[in-house]
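Q: Got a file for you: protein06.txt, compact mmCIF, C-alpha atoms.
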```txt
# COMPACT_ATOMS: atom_id res chain seq x y z
CA MET A 28 -101.69 18.76 -28.90
CA PRO A 29 -101.98 15.44 -30.72
CA ASN A 30 -100.53 12.24 -29.32
CA LEU A 31 -98.87 9.52 -31.34
CA TYR A 32 -98.73 6.11 -29.65
CA SER A 33 -96.01 3.53 -30.15
CA ASN A 34 -96.80 0.45 -32.22
CA THR A 35 -97.60 -2.70 -30.25
CA GLY A 36 -94.46 -4.33 -31.64
CA ASP A 37 -92.33 -2.34 -29.22
CA GLY A 38 -90.02 -4.26 -26.93
CA ARG A 39 -86.63 -4.91 -25.50
CA VAL A 40 -83.45 -6.62 -26.67
CA GLN A 41 -81.07 -8.09 -24.12
CA THR A 42 -77.49 -9.16 -24.66
CA PRO A 43 -76.16 -12.49 -23.48
CA MET A 44 -73.93 -12.48 -20.44
CA ALA A 45 -70.59 -11.31 -21.70
CA PRO A 46 -67.19 -11.63 -20.03
CA ALA A 47 -66.13 -8.11 -21.05
CA TRP A 48 -67.84 -4.75 -21.30
CA ALA A 49 -67.10 -4.38 -25.00
CA ALA A 50 -68.49 -7.81 -25.75
CA ALA A 51 -71.85 -6.72 -24.41
CA ARG A 52 -71.94 -3.08 -25.44
CA ASP A 53 -70.59 -3.63 -28.95
CA ALA A 54 -72.43 -6.88 -29.65
CA THR A 55 -73.99 -6.97 -33.09
CA SER A 56 -76.91 -8.98 -31.84
CA GLY A 57 -78.74 -9.58 -28.60
CA ALA A 58 -79.55 -12.91 -27.04
CA SER A 59 -83.25 -12.44 -26.44
CA VAL A 60 -86.14 -10.28 -27.57
CA THR A 61 -89.19 -9.47 -25.49
CA THR A 62 -92.15 -7.80 -27.18
CA SER A 63 -95.05 -9.01 -25.08
CA ASN A 64 -94.30 -7.58 -21.68
CA THR A 65 -96.57 -4.86 -20.40
CA SER A 66 -93.63 -3.46 -18.49
CA SER A 67 -90.06 -4.24 -17.64
CA ALA A 68 -87.58 -3.22 -15.00
CA TYR A 69 -85.01 -3.27 -17.78
CA PHE A 70 -86.36 -0.62 -20.14
CA THR A 71 -82.75 0.49 -20.13
CA GLU A 72 -80.11 -1.45 -18.27
CA VAL A 73 -76.40 -1.88 -17.86
CA SER A 74 -75.17 -4.52 -15.43
CA ARG A 75 -71.93 -5.92 -14.20
CA PHE A 76 -72.14 -9.11 -12.21
CA GLY A 77 -69.33 -10.66 -10.26
CA GLY A 78 -70.41 -14.08 -11.46
CA ARG A 79 -68.54 -17.37 -11.50
CA GLY A 80 -64.83 -16.85 -11.83
CA GLY A 81 -64.97 -13.37 -13.28
CA ASN A 82 -67.11 -10.41 -14.23
CA GLN A 83 -70.08 -10.61 -16.55
CA TYR A 84 -71.88 -7.79 -18.33
CA ARG A 85 -75.40 -7.40 -19.67
CA ILE A 86 -77.20 -4.58 -21.46
CA ASN A 87 -80.85 -3.99 -22.34
CA ARG A 88 -82.09 -1.54 -24.95
CA SER A 89 -85.73 -0.84 -25.80
CA PHE A 90 -87.08 -0.14 -29.25
CA MET A 91 -90.28 1.53 -30.44
CA TYR A 92 -91.66 2.76 -33.70
CA PHE A 93 -94.23 5.39 -34.42
CA ASP A 94 -96.30 5.73 -37.57
CA THR A 95 -95.75 9.34 -38.54
CA SER A 96 -97.26 9.07 -42.02
CA GLY A 97 -100.28 11.08 -40.98
CA ILE A 98 -98.32 14.07 -39.81
CA THR A 99 -98.61 17.03 -42.14
CA GLY A 100 -97.19 20.38 -41.38
CA THR A 101 -94.30 21.60 -39.35
CA VAL A 102 -93.66 19.83 -36.05
CA THR A 103 -92.65 22.61 -33.73
CA ALA A 104 -92.40 20.57 -30.52
CA ALA A 105 -92.28 16.93 -29.58
CA THR A 106 -92.03 15.19 -26.22
CA ILE A 107 -91.54 11.45 -25.84
CA LYS A 108 -93.62 10.30 -22.91
CA ILE A 109 -92.57 7.11 -21.11
CA PHE A 110 -94.47 5.82 -18.07
CA GLY A 111 -91.91 4.60 -15.57
CA CYS A 112 -92.08 1.70 -13.18
CA CYS A 113 -90.09 -0.80 -11.18
CA GLY A 114 -87.60 0.97 -8.95
CA PRO A 115 -84.94 1.69 -7.91
CA ALA A 116 -84.54 3.85 -11.02
CA ASP A 117 -80.82 4.37 -10.76
CA GLY A 118 -80.09 4.23 -14.49
CA SER A 119 -80.24 6.79 -17.25
CA VAL A 120 -81.79 7.11 -20.68
CA ILE A 121 -81.50 8.81 -24.02
CA ALA A 122 -83.57 8.24 -27.15
CA VAL A 123 -81.64 7.80 -30.39
CA LYS A 124 -82.59 7.15 -33.98
CA SER A 125 -82.74 3.46 -34.87
CA THR A 126 -83.14 1.31 -37.95
CA ALA A 127 -84.74 -1.59 -36.08
CA PHE A 128 -88.02 -3.16 -37.26
CA GLY A 129 -86.55 -3.53 -40.75
CA GLY A 130 -86.03 0.21 -40.92
CA ASP A 131 -89.65 0.81 -41.84
CA GLY A 132 -91.65 -0.84 -39.10
CA GLY A 133 -92.47 -3.73 -41.39
CA THR A 134 -90.48 -6.36 -39.51
CA ALA A 135 -90.89 -7.62 -35.99
CA LEU A 136 -88.26 -6.62 -33.48
CA ALA A 137 -85.35 -9.05 -33.67
CA ALA A 138 -82.26 -9.83 -31.61
CA SER A 139 -80.15 -8.42 -34.42
CA ASP A 140 -81.83 -5.04 -33.91
CA TYR A 141 -79.73 -4.61 -30.78
CA SER A 142 -77.04 -2.75 -32.73
CA ARG A 143 -79.32 -1.06 -35.27
CA ILE A 144 -78.68 2.44 -34.04
CA ASP A 145 -78.12 5.16 -36.59
CA GLY A 146 -74.43 6.09 -36.41
CA PHE A 147 -73.52 3.36 -33.93
CA THR A 148 -69.77 2.97 -33.64
CA THR A 149 -68.11 0.20 -31.70
CA GLY A 150 -65.53 1.05 -29.11
CA THR A 151 -66.42 4.69 -28.75
CA SER A 152 -69.05 7.06 -27.45
CA LEU A 153 -72.13 7.69 -29.53
CA ALA A 154 -71.93 11.40 -28.77
CA GLY A 155 -71.51 13.05 -32.14
CA ASN A 156 -72.04 9.75 -33.96
CA ALA A 157 -75.64 8.77 -33.23
CA THR A 158 -78.66 10.87 -34.08
CA ASP A 159 -80.04 11.97 -30.75
CA TYR A 160 -83.80 12.12 -30.53
CA SER A 161 -84.02 13.44 -26.99
CA ASN A 162 -82.35 14.98 -24.03
CA THR A 163 -81.13 12.68 -21.29
CA ILE A 164 -82.60 11.70 -17.96
CA THR A 165 -80.22 10.44 -15.33
CA SER A 166 -80.31 8.96 -11.86
CA SER A 167 -83.30 9.61 -9.60
CA SER A 168 -84.98 12.01 -12.03
CA TRP A 169 -86.83 9.02 -13.49
CA SER A 170 -90.37 8.68 -12.16
CA THR A 171 -91.51 5.13 -11.42
CA THR A 172 -95.13 6.17 -10.89
CA GLY A 173 -95.88 8.49 -13.77
CA TYR A 174 -94.86 9.70 -17.19
CA ASN A 175 -91.30 10.81 -17.85
CA ASP A 176 -90.76 13.48 -20.46
CA LEU A 177 -87.94 13.21 -22.96
CA THR A 178 -87.79 16.43 -24.91
CA GLY A 179 -87.54 15.74 -28.61
CA THR A 180 -84.66 17.19 -30.57
CA SER A 181 -84.90 18.99 -33.89
CA ASP A 182 -83.80 15.74 -35.55
CA LEU A 183 -86.82 13.99 -34.09
CA ARG A 184 -89.18 16.76 -35.15
CA THR A 185 -87.74 16.80 -38.67
CA ASP A 186 -88.04 13.02 -39.04
CA MET A 187 -91.58 13.11 -37.71
CA GLN A 188 -92.65 15.52 -40.40
CA ASN A 189 -90.56 14.05 -43.25
CA ASP A 190 -90.65 10.29 -42.65
CA ASN A 191 -93.49 7.83 -42.52
CA VAL A 192 -92.02 6.00 -39.55
CA VAL A 193 -89.89 7.15 -36.66
CA ILE A 194 -87.95 4.37 -34.96
CA ILE A 195 -86.40 4.98 -31.58
CA CYS A 196 -83.92 3.11 -29.45
CA PHE A 197 -83.94 3.89 -25.75
CA MET A 198 -80.59 3.14 -24.18
CA ASP A 199 -78.69 3.79 -21.00
CA TYR A 200 -76.93 7.10 -21.43
CA THR A 201 -74.20 7.18 -18.80
CA ASN A 202 -72.53 3.90 -19.67
CA ASP A 203 -74.03 2.43 -22.85
CA TYR A 204 -74.33 5.57 -24.97
CA LEU A 205 -71.08 7.08 -23.71
CA ASN A 206 -69.32 3.68 -23.79
CA SER A 207 -68.12 3.89 -20.22
CA ALA A 208 -67.48 0.44 -18.77
CA LEU A 209 -68.98 -0.28 -15.39
CA GLY A 210 -66.23 -0.17 -12.81
CA SER A 211 -67.89 -2.31 -10.17
CA ALA A 212 -70.59 -4.91 -9.75
CA THR A 213 -73.91 -3.13 -10.11
CA THR A 214 -77.14 -2.90 -12.06
CA LEU A 215 -78.21 0.50 -13.33
CA ASN A 216 -81.66 0.40 -14.83
CA TYR A 217 -84.87 2.26 -15.57
CA GLY A 218 -88.19 0.45 -15.72
CA ALA A 219 -91.08 1.41 -17.98
CA TYR A 220 -94.35 0.34 -19.57
CA TYR A 221 -94.75 -0.71 -23.16
CA THR A 222 -97.74 -0.56 -25.49
CA ASP A 223 -98.86 -4.02 -24.41
CA TYR A 224 -100.25 -2.46 -21.25
CA THR A 225 -103.98 -3.15 -20.93
CA SER A 226 -105.06 0.39 -21.73
CA THR A 227 -103.36 3.41 -23.18
CA SER A 228 -103.07 5.09 -19.81
CA ARG A 229 -99.45 3.98 -19.45
CA ASP A 230 -98.50 3.49 -23.07
CA PRO A 231 -95.51 5.26 -24.57
CA TYR A 232 -96.37 8.11 -26.88
CA ILE A 233 -95.09 11.27 -28.48
CA GLU A 234 -96.92 14.46 -27.73
CA TYR A 235 -96.30 16.94 -30.51
CA THR A 236 -97.32 20.30 -31.80
CA ILE A 237 -97.95 21.33 -35.37
CA ALA A 238 -97.34 24.91 -36.44
CA THR A 239 -100.50 26.92 -36.79
CA GLY A 240 -101.20 28.48 -40.18
CA TYR A 241 -100.16 26.96 -43.45
CA GLY A 242 -97.47 24.47 -43.03
CA ASP A 243 -97.61 23.13 -46.53
CA ILE A 244 -97.13 24.40 -49.99
CA VAL A 245 -100.42 25.64 -51.39
CA ASN A 246 -100.80 25.74 -55.13
CA GLY A 247 -103.63 26.95 -57.30
CA VAL A 248 -105.14 29.38 -54.87
CA ALA A 249 -105.70 32.81 -56.31
CA SER A 250 -103.99 35.49 -54.36
CA ALA A 251 -107.29 37.30 -54.02
CA ASN A 252 -108.52 34.39 -51.95
CA ILE A 253 -105.60 34.45 -49.50
CA GLY A 254 -106.31 36.78 -46.67
CA LYS A 255 -103.33 36.02 -44.44
CA VAL A 256 -100.12 34.05 -44.55
CA ASN A 257 -98.75 33.32 -41.10
CA GLY A 258 -95.66 31.54 -40.01
CA VAL A 259 -93.57 32.09 -43.11
CA ALA A 260 -90.04 33.13 -42.28
CA THR A 261 -88.69 36.05 -44.31
CA THR A 262 -85.80 33.88 -45.45
CA ASP A 263 -88.34 31.63 -47.13
CA ILE A 264 -89.77 34.46 -49.24
CA SER A 265 -87.90 34.78 -52.48
CA LYS A 266 -90.00 37.49 -54.08
CA VAL A 267 -92.48 40.09 -53.01
CA ASN A 268 -94.62 41.49 -55.82
CA GLY A 269 -96.86 44.57 -55.90
CA VAL A 270 -95.58 46.12 -52.67
CA MET B 3 -78.51 -6.85 -3.90
CA SER B 4 -75.36 -8.84 -3.34
CA TYR B 5 -75.03 -12.51 -4.11
CA ILE B 6 -75.21 -13.65 -0.49
CA ASN B 7 -78.65 -12.04 -0.20
CA LYS B 8 -80.02 -13.92 -3.20
CA THR B 9 -82.38 -16.80 -2.58
CA LEU B 10 -80.82 -19.83 -4.17
CA VAL B 11 -82.76 -22.68 -5.74
CA PHE B 12 -81.25 -26.13 -5.31
CA GLU B 13 -82.04 -28.74 -7.93
CA ASP B 14 -80.38 -32.07 -8.58
CA ASP B 15 -78.38 -30.75 -11.50
CA LYS B 16 -77.75 -27.16 -10.49
CA ILE B 17 -77.90 -24.28 -8.07
CA TYR B 18 -79.31 -21.04 -9.41
CA TYR B 19 -81.14 -17.86 -8.55
CA THR B 20 -83.40 -15.61 -10.51
CA ASP B 21 -83.07 -11.89 -10.94
CA GLU B 22 -86.53 -10.78 -12.01
CA GLU B 23 -86.12 -11.73 -15.66
CA ALA B 24 -82.94 -13.76 -15.78
CA ILE B 25 -81.61 -17.02 -14.40
CA PHE B 26 -78.14 -17.09 -12.91
CA GLU B 27 -76.71 -20.56 -12.61
CA VAL B 28 -74.25 -20.68 -9.73
CA MET B 29 -73.06 -24.22 -10.28
CA MET B 30 -74.14 -27.17 -12.45
CA ASP B 31 -73.49 -30.88 -12.50
CA TRP B 32 -71.90 -30.84 -15.96
CA GLU B 33 -68.80 -29.58 -14.16
CA ASP B 34 -68.18 -32.97 -12.56
CA ASP B 35 -65.06 -33.78 -14.58
CA ILE B 36 -63.67 -30.33 -13.89
CA MET B 37 -64.34 -30.63 -10.18
CA LYS B 38 -62.66 -34.03 -10.02
CA ALA B 39 -59.61 -32.84 -11.92
CA SER B 40 -59.38 -29.71 -9.78
CA ALA B 41 -59.67 -31.68 -6.55
CA ASP B 42 -57.17 -34.30 -7.65
CA TYR B 43 -54.65 -31.64 -8.60
CA VAL B 44 -54.76 -29.68 -5.34
CA CYS B 45 -54.56 -32.95 -3.39
CA GLU B 46 -51.43 -34.24 -5.09
CA ASN B 47 -49.42 -33.21 -2.04
CA ARG B 48 -52.08 -34.67 0.28
CA GLY B 49 -51.67 -32.67 3.52
CA ASP B 50 -53.84 -29.65 4.30
CA ILE B 51 -56.30 -28.45 1.72
CA LEU B 52 -58.11 -25.09 1.51
CA GLU B 53 -61.30 -24.93 -0.51
CA ILE B 54 -62.86 -21.50 -1.02
CA GLY B 55 -66.47 -21.94 -2.11
CA PHE B 56 -68.44 -25.14 -1.43
CA GLY B 57 -71.13 -24.87 -4.13
CA MET B 58 -72.75 -28.24 -4.78
CA GLY B 59 -70.06 -30.04 -2.80
CA MET B 60 -68.78 -31.89 -5.85
CA SER B 61 -65.15 -30.90 -5.43
CA ALA B 62 -65.38 -31.38 -1.66
CA ASN B 63 -66.34 -35.02 -2.17
CA TYR B 64 -63.43 -35.54 -4.53
CA ILE B 65 -61.03 -33.84 -2.14
CA GLN B 66 -62.19 -36.12 0.66
CA ALA B 67 -61.53 -39.12 -1.56
CA ASN B 68 -57.84 -38.16 -1.74
CA ASN B 69 -56.74 -39.25 1.73
CA ILE B 70 -55.78 -35.79 2.91
CA ASN B 71 -54.91 -34.56 6.38
CA SER B 72 -57.30 -31.62 6.76
CA HIS B 73 -59.89 -29.87 4.65
CA THR B 74 -60.76 -26.24 5.40
CA ILE B 75 -63.80 -24.91 3.57
CA VAL B 76 -64.74 -21.23 3.40
CA GLU B 77 -68.31 -20.42 2.39
CA ASN B 78 -70.29 -17.19 2.53
CA HIS B 79 -73.82 -17.93 1.29
CA PRO B 80 -76.19 -18.72 4.19
CA GLN B 81 -78.12 -21.41 2.32
CA ILE B 82 -74.99 -23.17 1.13
CA ILE B 83 -73.50 -22.97 4.61
CA GLU B 84 -76.42 -25.03 5.88
CA LYS B 85 -75.83 -27.61 3.13
CA LEU B 86 -72.15 -27.63 3.99
CA LYS B 87 -72.80 -28.23 7.69
CA THR B 88 -74.99 -31.20 6.89
CA TRP B 89 -72.42 -32.61 4.50
CA ALA B 90 -69.56 -32.14 6.98
CA GLN B 91 -71.22 -34.11 9.78
CA ASP B 92 -69.57 -37.25 8.46
CA GLU B 93 -66.25 -35.65 7.63
CA PRO B 94 -64.15 -35.29 10.81
CA ASN B 95 -61.21 -33.58 9.15
CA VAL B 96 -63.32 -30.69 7.80
CA THR B 97 -63.19 -27.21 9.27
CA ILE B 98 -65.90 -24.78 8.15
CA ILE B 99 -65.23 -21.07 8.11
CA GLU B 100 -68.28 -18.93 7.46
CA GLY B 101 -67.99 -15.59 5.71
CA ASP B 102 -66.39 -13.85 2.77
CA TRP B 103 -62.97 -15.43 2.28
CA HIS B 104 -61.31 -12.03 2.04
CA ASP B 105 -62.84 -10.89 5.31
CA ILE B 106 -61.54 -13.94 7.18
CA LYS B 107 -58.24 -14.35 5.33
CA ASP B 108 -56.17 -13.48 8.38
CA SER B 109 -57.59 -16.46 10.23
CA LEU B 110 -56.36 -18.86 7.55
CA SER B 111 -53.15 -20.87 7.71
CA THR B 112 -50.90 -22.14 4.94
CA TYR B 113 -51.90 -25.10 2.82
CA ASP B 114 -50.57 -27.85 0.59
CA GLY B 115 -53.38 -27.41 -1.90
CA ILE B 116 -55.83 -24.59 -2.60
CA PHE B 117 -58.98 -24.59 -4.74
CA TYR B 118 -60.61 -21.18 -5.22
CA ASP B 119 -64.08 -21.19 -6.79
CA THR B 120 -66.39 -18.36 -5.78
CA TRP B 121 -69.35 -16.41 -7.06
CA GLY B 122 -70.05 -12.71 -6.94
CA GLU B 123 -66.63 -11.29 -6.14
CA GLU B 124 -66.46 -7.53 -6.13
CA ASP B 125 -62.77 -7.50 -6.93
CA TRP B 126 -61.21 -10.46 -8.68
CA SER B 127 -57.68 -9.13 -8.22
CA ARG B 128 -57.73 -9.94 -4.51
CA PHE B 129 -57.04 -13.64 -4.93
CA ALA B 130 -53.63 -13.17 -6.50
CA THR B 131 -52.80 -10.57 -3.87
CA VAL B 132 -53.69 -12.75 -0.91
CA LEU B 133 -52.47 -16.07 -2.31
CA PRO B 134 -48.80 -15.68 -1.24
CA SER B 135 -49.89 -15.65 2.41
CA LEU B 136 -51.66 -19.00 2.04
CA ILE B 137 -48.99 -21.10 0.38
CA LYS B 138 -46.04 -23.27 1.35
CA SER B 139 -43.20 -24.35 -0.85
CA GLY B 140 -44.77 -26.75 -3.32
CA THR B 141 -48.39 -25.76 -2.75
CA LYS B 142 -50.62 -26.65 -5.68
CA VAL B 143 -53.33 -24.16 -6.55
CA THR B 144 -56.18 -24.06 -9.01
CA TRP B 145 -59.27 -21.93 -9.46
CA TRP B 146 -62.39 -21.71 -11.59
CA ASN B 147 -61.31 -20.38 -14.97
CA ASN B 148 -63.82 -18.75 -17.30
CA ASN B 149 -61.29 -17.98 -19.99
CA ILE B 150 -61.75 -20.13 -23.06
CA ASP B 151 -58.06 -20.39 -23.83
CA GLU B 152 -54.84 -20.90 -21.91
CA SER B 153 -55.11 -17.74 -19.89
CA THR B 154 -56.57 -16.48 -16.65
CA ILE B 155 -57.91 -13.26 -15.21
CA HIS B 156 -55.66 -13.65 -12.19
CA ASP B 157 -52.25 -12.04 -12.05
CA ILE B 158 -50.41 -15.29 -11.40
CA ASP B 159 -47.32 -16.30 -13.36
CA GLY B 160 -46.21 -19.74 -14.39
CA VAL B 161 -49.63 -21.29 -14.78
CA VAL B 162 -49.98 -24.40 -16.93
CA TYR B 163 -53.30 -25.58 -18.28
CA GLU B 164 -55.00 -28.92 -18.76
CA ALA B 165 -57.67 -28.95 -21.45
CA ILE B 166 -60.82 -30.79 -20.39
CA ASN B 167 -63.60 -31.53 -22.83
CA VAL B 168 -66.98 -30.53 -21.46
CA ASN B 169 -70.51 -30.26 -22.77
CA PRO B 170 -72.31 -27.55 -20.82
CA PRO B 171 -75.90 -26.65 -21.51
CA SER B 172 -76.44 -22.94 -22.08
CA ASN B 173 -75.75 -21.09 -18.87
CA CYS B 174 -74.66 -17.69 -17.64
CA TYR B 175 -71.01 -18.40 -16.85
CA PHE B 176 -69.37 -20.93 -19.16
CA ASN B 177 -70.40 -22.01 -22.65
CA SER B 178 -67.31 -23.45 -24.28
CA ASN B 179 -66.60 -27.11 -25.03
CA ILE B 180 -63.08 -26.96 -23.63
CA TYR B 181 -62.28 -25.98 -20.06
CA TYR B 182 -58.72 -24.90 -19.40
CA LEU B 183 -57.92 -26.09 -15.89
CA PRO B 184 -55.24 -23.79 -14.47
CA LYS B 185 -52.46 -25.43 -12.48
CA LYS B 186 -49.97 -23.47 -10.44
CA GLN B 187 -47.33 -25.04 -8.24
CA PHE B 188 -45.35 -22.72 -5.98
```
Please lay out the structure from this file as structure tokens.
A:
Amino acid sequence: MPNLYSNTGDGRVQTPMAPAWAAARDATSGASVTTSNTSSAYFTEVSRFGGRGGNQYRINRSFMYFDTSGITGTVTAATIKIFGCCGPADGSVIAVKSTAFGGDGGTALAASDYSRIDGFTTGTSLAGNATDYSNTITSSSWSTTGYNDLTGTSDLRTDMQNDNVVIICFMDYTNDYLNSALGSATTLNYGAYYTDYTSTSRDPYIEYTIATGYGDIVNGVASANIGKVNGVATTDISKVNGV
Amino acid sequence: MSYINKTLVFEDDKIYYTDEEAIFEVMMDWEDDIMKASADYVCENRGDILEIGFGMGMSANYIQANNINSHTIVENHPQIIEKLKTWAQDEPNVTIIEGDWHDIKDSLSTYDGIFYDTWGEEDWSRFATVLPSLIKSGTKVTWWNNNIDESTIHDIDGVVYEAINVNPPSNCYFNSNIYYLPKKQF
């Protein structure tokens, strides 16, 4: 199975301290961008601090893009692989479609990318609004010493085969994605490595599978030269001649 | 990790701690005008003053300058407690109570002035709940107010506000150019 590694421009956008949950979660822009860290404890994060005179909230989201222009054929399976780190791993994560990096990977990650999530809606859950690219991982299921597998959805597979770039936002699922304000002072976070790690042994990547057989349209080949056609669904056959 | 377990850094112009990738300022010297105004307000009755949270000691110095009878200070952070003990050596009317103010609230008395300024509270609603047990008729109370208008997070009625112009550098808790000092007289 081929692997597709994240671009080195991957990174993390962090909100400023905000006095209310909505001010952090629904912010249009972050306060800081980090693209040079090899790893971070705040790959995804939601925090509520009982700071000076009141509560304060902070959120981190991570963004990656993958050059999928070389993928031809039908992607039948995809798994996003993220190497975890930095306990205590009490957060959660889901991968969703993003329009960060200028929407095409041509622009460096910016603070304003914080809210560039396909279907993002302020004040409400992203369930049914965002385009999910993975299942969720919650609580202690996150490994801090090895790769974590996020199973790619059909939307991810389709975009991998149809688009030249796939851009992903990794966000806390339980509170950020579902827009559930933290009820007490806490930090819920997952740590992970980014592509800036010294080798690829901990880099984020997508492991995917291409359908065997002909995945593309083939023109100009005489029928006499086609011995077999595999993997063509009957619903995709409009005519059968000479049978 | 709770606030009292954080290792604080003391510099001339601020107290702060770091949380792996972020700096949390606990108190900064740009607050001087606010601390003076807060101290002067709660000392208008003179008498017995309760200060919850010592911080950099700015307000404590201003309270001491107001010719009061007694000054009770509650502090919970171990490093600040040590600073407080050193400071109080020359202040004979100061009583130090160590611990979370809510945990020791039953050991407190009633006061003529109360200044509440803490960090890291789990439940900010507790102050308004406990306050009636700490006041006398006429007690003047103020607290640190993060709201950038004439409002407060505390469920306390009849508060009036004094606008104070400030110029804070970027920090994690207050970034407006006007501080609304809450004033409540019972």
Q: Show me, as a list in words, the residues that have an atom within 10 Å of Val123 of chain A when counting all atoms listed in the file, minus same-chain residues fewer than 6 positions from it.
A: Phe90, Ile144, Asp145, Gly146, Phe147, Leu153, Ala157, Thr158, Asp159, Tyr160, Ser161, Asn162, Thr180, Asp182, Leu183, Ile194, Ile195, Cys196, Phe197, Met198 and Tyr204 of chain A
Q: Near chain B, meaning an atom within 9 Å, which residues of chain A appear when counting only C-alpha atoms? Write them as a ChimeraX atom specification.
A: /A:43-46,67-69,76-83,211-213
Q: Give the answer as one residue: which of A:Leu215, A:Val102, A:Ala47, A:Ala122 has the shortest atom-to-atom distance to Ile164 of chain A, using only C-alpha atoms?
A: A:Ala122
Q: For segment 91-102 of chain B, work out the shell of residues within 7 Å, counting all atoms listed in the file and skipping chain neighbours fewer than 3 positions away, then give it as a PyMOL selection string.
A: chain B and resi 71-78+87-88+105-106
Q: Name the closest residue to Thr131 of chain B among the candidates B:Lys107, B:Ala62, B:Ile116, B:Glu46; distances are taken between atoms, counting all atoms listed in the file.
A: B:Lys107
Q: What does the structure give for the distance between atom CA of Lys16 of chain B and atom CA of Leu183 of chain B, in Å to one decimal?
A: 20.6 Å
Q: So, with all atoms listed in the file as the atoms that count, which of B:Ile137, B:Val162, B:Ile65, B:Met60 lies closest to Asp42 of chain B?
A: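 Closest to Asp42 of chain B, using all atoms listed in the file: B:Ile65.
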